[in-house]
Amino acid sequence: MSTPTQQTRDDRSELTTLITAAVLELTRQWNRLTVAQDRLLRTLERIRPGLGATTRINSYITAFHHEVGEFDRLTRAVAERWAAQDLPTAYRDGALRALRRANRDITLFRWTADHQAALTGLTSIFYVDLVARIQEAVRRAQAFARAAQEATRTVTLGRNHAGIDAPRLAADHPLSTVVYSDQARHPVKDWARSALTYQGAVTANHGAINTARLELEAEWMQVRDGDECGWTGHQDTDHADGTIRSIDDCAAYPVAHHGCVRELIPRPDLNGRRGLVSGDPA
């Protein structure tokens, strides 16, 4: 029979497997953009003034836009599958892990209307976040296509006999990166791993929190976290590990930051304990 620690590792490995598969698929589909970009640039580099040059350029640009459309369709499918299948699995596994850690029967968890509503709220937010990144990538790819077409136009008009500057176009329009709000560019795989790990952890911990509240009527939860992790953020001096937190506080901070390893354990045995304050040591 597995120990609680072994079971927790097994639960987390299931979530890790979901995340890894989704990250690989997102990265694979994103690679479609970079391959199409490289192919277009190599082709346009060979364009010289002459009869039919404009027609050929337009056909190459059209082929690139087709690949962008396929990227849009296939990455949206990944996002839909993540929201419709993988995140519900993460939520359920978080709920079952919480019951195991509280030494309660896992059959207590059911997909009640409350759980379904909570999950719907999470998945809708996370799905919109992913689609926004996909839309941004499509816009950037379209901007690259316009720039490439304009660059080759000067060649076909005979104003640039050296041909297009493909390295410059690629550097100005790097389709293999995701742009963050601070304008920093990150490789797609790094962004996907960070985003999906965060979404999976938040969803799983909300499964634990809601199960503690609804099935166990728990008012408190015990926190396991990284040794130096703060409650509201990594630099928070209010360290989270080994503390007791109110269930409302846990709902507000299911994780502290991207990459957070926080685990929340129901403590219904603490209900009604006088003098207990959120943040007290367990």
# chains A, B, ... in the order shown; residues from 1 in each chain; ligands from 1

$ residues_around --residues "Phe109 (chain A)" --least-positions-apart "3" --cutoff "12 Å" --atoms "only C-alpha atoms" --output "PyMOL selection string"
chain A and resi 91-100+104-106+112-116+207-208+210-216

$ select_by_dssp --residues "region 131-271 of chain A" --states "strand (DSSP E or B)" --output "VMD selection string"
chain A and resid 177 to 179 185 to 187 220 to 224 230 239 243 to 246 263 to 266

$ atom_distance --atom1 "CA of Leu270 (chain A)" --atom2 "CA of Asp241 (chain A)"
17.6 Å

$ residues_around --residues "region 137-142 of chain A" --least-positions-apart "4" --cutoff "7 Å" --atoms "only C-alpha atoms" --output "list in words"
Val68, Asp72, Arg133, Arg146 and Leu175 of chain A

$ write_last_selection --atoms "C-alpha atoms" --output "short mmCIF file (atom, residue, chain, number, x, y, z; two decimals), in the first residue's frame"
data_model
loop_
_atom_site.label_atom_id
_atom_site.label_comp_id
_atom_site.auth_asym_id
_atom_site.auth_seq_id
_atom_site.Cartn_x
_atom_site.Cartn_y
_atom_site.Cartn_z
CA VAL A 68 -0.63 31.04 -39.92
CA ASP A 72 -4.30 29.48 -35.18
CA ARG A 133 -1.29 34.70 -26.58
CA ARG A 146 3.41 42.66 -44.44
CA LEU A 175 8.01 34.36 -34.17
#

$ closest_residue --among "A:Leu264, A:Leu196, A:Thr203, A:Gln222" --to "Gly121 (chain A)" --atoms "only C-alpha atoms"
A:Thr203

$ closest_residue --among "A:Trp191, A:Pro268, A:Ala204, A:Pro88" --to "Ala117 (chain A)" --atoms "only C-alpha atoms"
A:Pro88

$ select_by_dssp --residues "region 207-266 of chain A" --states "helix (DSSP H, G or I)" --output "PyMOL selection string"
chain A and resi 207-214+247-252

$ residues_around --residues "Ala90 (chain A)" --least-positions-apart "3" --cutoff "12 Å" --atoms "only C-alpha atoms" --output "ChimeraX atom specification"
/A:11-19,82-87,93-97,119,122-123,196-208

$ closest_residue --among "A:Ile209, A:Val223, A:Cys260, A:Leu40" --to "Asp248 (chain A)" --atoms "only C-alpha atoms"
A:Ile209

$ residues_around --residues "region 272-282 of chain A" --least-positions-apart "2" --cutoff "8 Å" --atoms "only C-alpha atoms" --output "PyMOL selection string"
chain A and resi 222+238+240+242-246+249+270

$ write_last_selection --atoms "N, CA and C atoms" --output "PDB file, in the first residue's frame"
ATOM      1  N   GLN A 222      -3.563  23.420   6.293  1.00  0.00           N
ATOM      2  CA  GLN A 222      -2.136  23.446   6.591  1.00  0.00           C
ATOM      3  C   GLN A 222      -1.371  23.565   5.286  1.00  0.00           C
ATOM      4  N   ASP A 238       6.542  36.774   5.219  1.00  0.00           N
ATOM      5  CA  ASP A 238       5.586  35.891   5.897  1.00  0.00           C
ATOM      6  C   ASP A 238       5.661  34.528   5.224  1.00  0.00           C
ATOM      7  N   ALA A 240       5.303  30.689   4.198  1.00  0.00           N
ATOM      8  CA  ALA A 240       4.072  29.901   4.140  1.00  0.00           C
ATOM      9  C   ALA A 240       4.233  28.494   4.701  1.00  0.00           C
ATOM     10  N   GLY A 242       4.558  25.170   6.575  1.00  0.00           N
ATOM     11  CA  GLY A 242       4.363  24.757   7.956  1.00  0.00           C
ATOM     12  C   GLY A 242       3.413  25.632   8.753  1.00  0.00           C
ATOM     13  N   THR A 243       2.607  26.437   8.056  1.00  0.00           N
ATOM     14  CA  THR A 243       1.666  27.303   8.760  1.00  0.00           C
ATOM     15  C   THR A 243       0.235  26.836   8.550  1.00  0.00           C
ATOM     16  N   ILE A 244      -0.643  27.353   9.398  1.00  0.00           N
ATOM     17  CA  ILE A 244      -2.072  27.141   9.257  1.00  0.00           C
ATOM     18  C   ILE A 244      -2.669  28.421   8.685  1.00  0.00           C
ATOM     19  N   ARG A 245      -3.513  28.289   7.666  1.00  0.00           N
ATOM     20  CA  ARG A 245      -4.150  29.437   7.035  1.00  0.00           C
ATOM     21  C   ARG A 245      -5.656  29.223   6.957  1.00  0.00           C
ATOM     22  N   SER A 246      -6.379  30.310   7.065  1.00  0.00           N
ATOM     23  CA  SER A 246      -7.831  30.201   6.914  1.00  0.00           C
ATOM     24  C   SER A 246      -8.147  29.782   5.485  1.00  0.00           C
ATOM     25  N   ASP A 249      -8.138  32.692   3.121  1.00  0.00           N
ATOM     26  CA  ASP A 249      -6.795  33.116   2.729  1.00  0.00           C
ATOM     27  C   ASP A 249      -6.222  32.183   1.662  1.00  0.00           C
ATOM     28  N   LEU A 270      -9.338  21.430  13.243  1.00  0.00           N
ATOM     29  CA  LEU A 270      -9.069  22.705  13.901  1.00  0.00           C
ATOM     30  C   LEU A 270     -10.307  23.605  13.974  1.00  0.00           C
TER      31      LEU A 270
END

$ closest_residue --among "A:Arg193, A:Arg39, A:Arg101, A:Arg153" --to "Ile57 (chain A)" --atoms "only C-alpha atoms"
A:Arg153
